[in-house]
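To start, the structure under review is shown below, and the notes come after it.
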Amino acid sequence: MIPLLQQPFWFLRHGQTASNAAGTIGGATDLPLTDEGRAQAEAAAAVARDLPIASIWCSPLQRAQETAAPIARQAGLPVRLLPGLQERNWGIWEGQPRDVLVRDATPEGGEGPEAFRNRVRAALTAITGPFPVLIVGHSGTAREIHALLSDGPFRRPTNGELSVWQKDPDALWKNRMLSPKGCNAAVKAPEML
């Protein structure tokens, strides 16, 4: 049993990087946020202001840590780094246009899909609270969480997008966006918990 999956939790994709802006594969390359990415992180913090976040678990990559920082500051919480939440290593494809990416393949010098899936799931198991938690990660992390919890189609979150995972009345996991596309404006977060 994964303790994380006993209650709702939030997921925040990191803000924009130069790789995102250029439409290239960032993967395990440790990139900082752009000015737009920092603005997205601040906007996500504004949306999260009234959420009862008890702990923040984050990929160790710079872009995720920079995105988590404004929320951690306002909530007075430490950011707990969890290497298993890091984006997939795309090897020789990193820095290339996104259209070269083949999800089911293992690029030279990169991480295979099964190894990535197992790493992310092990990381989710390692999240021990306190609950409720916010996970700050990557689109690949979001994809693996979605594959674990839902059989519906995956929608890649935009940079700086904050969402909540919670069970519906039929005990099925649903993911709902809390922030507008790209988190460029604050919206009132729905009640949770």
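All residue names refer to the structure tokens as shown: chains lettered A, B, ... in order, residues numbered from 1 in each chain, ligands numbered from 1 in order.
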
Please produce, as CSV, a per-residue contact table for region 12-89 of chain A versus region 101-125 of chain A (criterion: any atom at most 10 Å away, only C-alpha atoms considered), showing the nearest atom pair and its distance in Å to one decimal, sorted by chain then residue number.
residue,atom,partner,partner_atom,distance
A:Thr24,CA,A:Leu101,CA,9.7
A:Ile25,CA,A:Leu101,CA,7.9
A:Gly27,CA,A:Gly110,CA,9.5
A:Ala28,CA,A:Gly110,CA,9.2
A:Trp57,CA,A:Leu124,CA,9.6
A:Ser59,CA,A:Ala123,CA,9.9
A:Leu82,CA,A:Ala123,CA,6.8
A:Pro83,CA,A:Ala123,CA,7.6
A:Gly84,CA,A:Ala123,CA,4.8
A:Leu85,CA,A:Val120,CA,5.7
A:Gln86,CA,A:Val120,CA,8.1
A:Glu87,CA,A:Phe116,CA,8.5
A:Arg88,CA,A:Phe116,CA,6.2
A:Asn89,CA,A:Gly110,CA,5.1

What does the file look like for those residues with C-alpha atoms, as a compact mmCIF listing (two decimals), in the first residue's frame?
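Output (out30.txt):
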# COMPACT_ATOMS: atom_id res chain seq x y z
CA THR A 24 13.17 20.73 -26.85
CA ILE A 25 13.59 17.73 -24.55
CA GLY A 27 14.86 15.47 -19.36
CA ALA A 28 17.55 15.06 -16.70
CA TRP A 57 8.04 16.68 -1.85
CA SER A 59 12.33 16.58 -7.63
CA LEU A 82 13.15 13.00 -3.51
CA PRO A 83 15.44 11.88 -6.36
CA GLY A 84 12.87 9.40 -7.67
CA LEU A 85 10.62 12.30 -8.72
CA GLN A 86 13.25 13.58 -11.16
CA GLU A 87 12.35 13.70 -14.86
CA ARG A 88 13.26 10.77 -17.08
CA ASN A 89 16.79 10.76 -18.48

**Prompt:** So which bits of region 8-191 of chain A end up strand (DSSP E or B) when you DSSP the backbone, as an MDAnalysis selection string?
**Reply:** chainID A and resid 9:13 17 24 33 55:58 79:81 97 133:137 162:167 173:177

How would the residues just chosen look if you wrote them out with N, CA and C atoms as an mmCIF file, in the first residue's frame?
data_model
loop_
_atom_site.group_PDB
_atom_site.id
_atom_site.type_symbol
_atom_site.label_atom_id
_atom_site.label_comp_id
_atom_site.auth_asym_id
_atom_site.auth_seq_id
_atom_site.Cartn_x
_atom_site.Cartn_y
_atom_site.Cartn_z
ATOM 1 N N PHE A 9 -4.068 14.596 -2.851
ATOM 2 C CA PHE A 9 -2.771 15.277 -2.863
ATOM 3 C C PHE A 9 -2.727 16.211 -4.057
ATOM 4 N N TRP A 10 -1.767 17.141 -4.026
ATOM 5 C CA TRP A 10 -1.611 18.099 -5.113
ATOM 6 C C TRP A 10 -0.365 17.772 -5.922
ATOM 7 N N PHE A 11 -0.409 18.152 -7.187
ATOM 8 C CA PHE A 11 0.758 18.011 -8.061
ATOM 9 C C PHE A 11 0.976 19.347 -8.769
ATOM 10 N N LEU A 12 2.236 19.790 -8.802
ATOM 11 C CA LEU A 12 2.607 21.031 -9.486
ATOM 12 C C LEU A 12 3.741 20.732 -10.449
ATOM 13 N N ARG A 13 3.514 21.008 -11.730
ATOM 14 C CA ARG A 13 4.596 20.876 -12.696
ATOM 15 C C ARG A 13 5.455 22.140 -12.619
ATOM 16 N N THR A 17 11.225 26.517 -18.525
ATOM 17 C CA THR A 17 12.679 26.601 -18.701
ATOM 18 C C THR A 17 12.946 27.032 -20.144
ATOM 19 N N THR A 24 12.194 21.817 -26.820
ATOM 20 C CA THR A 24 13.168 20.728 -26.855
ATOM 21 C C THR A 24 13.007 19.838 -25.622
ATOM 22 N N LEU A 33 14.756 27.996 -14.098
ATOM 23 C CA LEU A 33 13.557 28.617 -14.658
ATOM 24 C C LEU A 33 13.927 29.871 -15.441
ATOM 25 N N SER A 55 3.135 19.068 3.716
ATOM 26 C CA SER A 55 4.526 18.820 3.331
ATOM 27 C C SER A 55 4.685 18.960 1.826
ATOM 28 N N ILE A 56 5.907 19.295 1.421
ATOM 29 C CA ILE A 56 6.233 19.486 0.003
ATOM 30 C C ILE A 56 7.342 18.519 -0.362
ATOM 31 N N TRP A 57 7.075 17.666 -1.351
ATOM 32 C CA TRP A 57 8.037 16.676 -1.847
ATOM 33 C C TRP A 57 8.374 17.071 -3.274
ATOM 34 N N CYS A 58 9.659 17.106 -3.582
ATOM 35 C CA CYS A 58 10.094 17.751 -4.816
ATOM 36 C C CYS A 58 11.225 17.000 -5.501
ATOM 37 N N VAL A 79 11.342 22.039 1.850
ATOM 38 C CA VAL A 79 11.140 21.284 0.617
ATOM 39 C C VAL A 79 11.924 19.985 0.775
ATOM 40 N N ARG A 80 11.219 18.862 0.695
ATOM 41 C CA ARG A 80 11.852 17.549 0.842
ATOM 42 C C ARG A 80 12.208 17.030 -0.548
ATOM 43 N N LEU A 81 13.499 16.885 -0.800
ATOM 44 C CA LEU A 81 13.948 16.432 -2.114
ATOM 45 C C LEU A 81 13.882 14.916 -2.196
ATOM 46 N N PRO A 97 14.622 18.415 -30.561
ATOM 47 C CA PRO A 97 13.194 18.756 -30.649
ATOM 48 C C PRO A 97 12.328 17.625 -30.079
ATOM 49 N N VAL A 133 -0.062 16.263 0.994
ATOM 50 C CA VAL A 133 1.216 16.652 0.403
ATOM 51 C C VAL A 133 1.036 17.344 -0.941
ATOM 52 N N LEU A 134 2.059 18.116 -1.265
ATOM 53 C CA LEU A 134 2.222 18.697 -2.589
ATOM 54 C C LEU A 134 3.452 18.047 -3.197
ATOM 55 N N ILE A 135 3.311 17.518 -4.414
ATOM 56 C CA ILE A 135 4.433 16.972 -5.165
ATOM 57 C C ILE A 135 4.779 17.989 -6.250
ATOM 58 N N VAL A 136 6.054 18.359 -6.330
ATOM 59 C CA VAL A 136 6.511 19.274 -7.378
ATOM 60 C C VAL A 136 7.442 18.474 -8.282
ATOM 61 N N GLY A 137 7.042 18.337 -9.543
ATOM 62 C CA GLY A 137 7.806 17.504 -10.452
ATOM 63 C C GLY A 137 7.717 17.957 -11.897
ATOM 64 N N LEU A 162 -0.964 23.722 -11.395
ATOM 65 C CA LEU A 162 -1.248 23.069 -10.124
ATOM 66 C C LEU A 162 -2.561 22.304 -10.258
ATOM 67 N N SER A 163 -2.554 21.046 -9.817
ATOM 68 C CA SER A 163 -3.783 20.243 -9.877
ATOM 69 C C SER A 163 -3.936 19.430 -8.605
ATOM 70 N N VAL A 164 -5.119 18.896 -8.404
ATOM 71 C CA VAL A 164 -5.396 18.038 -7.255
ATOM 72 C C VAL A 164 -5.809 16.657 -7.761
ATOM 73 N N TRP A 165 -5.309 15.637 -7.094
ATOM 74 C CA TRP A 165 -5.744 14.254 -7.308
ATOM 75 C C TRP A 165 -6.602 13.880 -6.116
ATOM 76 N N GLN A 166 -7.842 13.453 -6.369
ATOM 77 C CA GLN A 166 -8.712 12.993 -5.292
ATOM 78 C C GLN A 166 -9.716 11.992 -5.842
ATOM 79 N N LYS A 167 -10.259 11.187 -4.950
ATOM 80 C CA LYS A 167 -11.223 10.172 -5.361
ATOM 81 C C LYS A 167 -12.607 10.790 -5.488
ATOM 82 N N TRP A 173 -9.949 7.675 -8.866
ATOM 83 C CA TRP A 173 -9.099 8.855 -8.809
ATOM 84 C C TRP A 173 -9.383 9.782 -9.981
ATOM 85 N N LYS A 174 -9.493 11.061 -9.690
ATOM 86 C CA LYS A 174 -9.687 12.101 -10.714
ATOM 87 C C LYS A 174 -8.662 13.201 -10.490
ATOM 88 N N ASN A 175 -8.198 13.770 -11.581
ATOM 89 C CA ASN A 175 -7.246 14.871 -11.535
ATOM 90 C C ASN A 175 -7.949 16.115 -12.041
ATOM 91 N N ARG A 176 -7.860 17.180 -11.246
ATOM 92 C CA ARG A 176 -8.537 18.419 -11.606
ATOM 93 C C ARG A 176 -7.569 19.586 -11.489
ATOM 94 N N MET A 177 -7.496 20.380 -12.528
ATOM 95 C CA MET A 177 -6.633 21.549 -12.541
ATOM 96 C C MET A 177 -7.186 22.604 -11.587
#

**Request:** Pick out the residues sitting within 9 Å of Ala39 (chain A), and hand them over as a ChimeraX atom specification; count only C-alpha atoms, and ignore anything fewer than 3 positions along from it in its own chain.
**Result:** /A:15,34-36,42-44,160,183-184

DSSP-assigned alpha helix (DSSP H) members of region 12-188 of chain A, reported as a compact mmCIF listing (two decimals) with C-alpha atoms, in the first residue's frame:
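File states-v3.txt, as written:
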# COMPACT_ATOMS: atom_id res chain seq x y z
CA ALA A 18 14.56 27.64 -21.84
CA SER A 19 14.08 24.07 -23.08
CA ASN A 20 10.31 24.32 -22.64
CA ALA A 21 10.25 27.67 -24.45
CA ALA A 22 12.27 26.20 -27.34
CA ASP A 35 11.68 34.79 -16.00
CA GLU A 36 8.33 33.43 -17.21
CA GLY A 37 8.92 30.24 -15.19
CA ARG A 38 9.60 32.26 -12.03
CA ALA A 39 6.38 34.21 -12.63
CA GLN A 40 4.51 30.90 -13.04
CA ALA A 41 5.96 29.66 -9.73
CA GLU A 42 4.76 32.83 -7.96
CA ALA A 43 1.31 32.49 -9.56
CA ALA A 44 1.09 28.85 -8.42
CA ALA A 45 1.99 29.97 -4.89
CA ALA A 46 -0.87 32.49 -5.00
CA VAL A 47 -3.29 29.70 -5.99
CA ALA A 48 -1.90 27.42 -3.25
CA GLN A 62 16.76 23.05 -10.12
CA ARG A 63 13.60 23.93 -12.06
CA ALA A 64 11.40 21.97 -9.64
CA GLN A 65 13.11 23.38 -6.54
CA GLU A 66 12.74 26.94 -7.85
CA THR A 67 9.03 26.27 -8.49
CA ALA A 68 8.49 24.84 -5.00
CA ALA A 69 10.33 27.70 -3.23
CA PRO A 70 7.54 30.35 -3.19
CA ILE A 71 4.99 27.87 -1.81
CA ALA A 72 7.44 26.60 0.81
CA ARG A 73 8.21 30.17 1.86
CA GLN A 74 4.58 31.18 2.28
CA ALA A 75 3.63 27.90 4.05
CA PRO A 113 10.34 3.34 -19.76
CA GLU A 114 10.06 0.49 -17.26
CA ALA A 115 13.02 1.71 -15.20
CA PHE A 116 11.51 5.21 -15.10
CA ARG A 117 8.07 3.88 -14.13
CA ASN A 118 9.56 1.79 -11.33
CA ARG A 119 11.64 4.72 -10.05
CA VAL A 120 8.65 7.08 -9.90
CA ARG A 121 6.45 4.48 -8.19
CA ALA A 122 9.16 3.76 -5.62
CA ALA A 123 9.36 7.51 -4.97
CA LEU A 124 5.59 7.72 -4.44
CA THR A 125 5.86 4.89 -1.92
CA ALA A 126 8.60 6.82 -0.09
CA SER A 139 5.51 16.20 -17.05
CA GLY A 140 7.04 12.69 -17.00
CA THR A 141 6.32 12.41 -13.27
CA ALA A 142 2.75 13.55 -13.94
CA ARG A 143 2.40 10.95 -16.71
CA GLU A 144 3.48 8.12 -14.39
CA ILE A 145 1.15 9.27 -11.59
CA HIS A 146 -1.67 9.37 -14.12
CA ALA A 147 -0.81 5.86 -15.40
CA LEU A 148 -0.91 4.55 -11.82
CA LEU A 149 -4.23 6.16 -10.88

**CA of Leu31 (chain A) to CA of Ile92 (chain A), straight-line distance in Å** =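 Separating CA of Ile92 (chain A) from CA of Leu31 (chain A) is a distance of 16.3 Å.
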
**Asked** Which of these residues is nearest to Ile2 (chain A), using only C-alpha atoms: A:Gly152, A:Gly23, A:Pro60, A:Gly129?
**Response**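 The closest residue to Ile2 (chain A) is A:Gly129.
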
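CA of Gly95 (chain A) is positioned 14.4 Å from CA of Pro32 (chain A).
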
**Request:** Can you work out the spacing between CA of Leu77 (chain A) and CA of Ala54 (chain A) in Å, to one decimal?
**Result:** 7.7 Å

**Prompt:** Closest to Ser150 (chain A) among A:Met1, A:Leu172, A:Pro130, A:Gln6, using only C-alpha atoms?
**Reply:**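 Closest to Ser150 (chain A), using only C-alpha atoms: A:Leu172.
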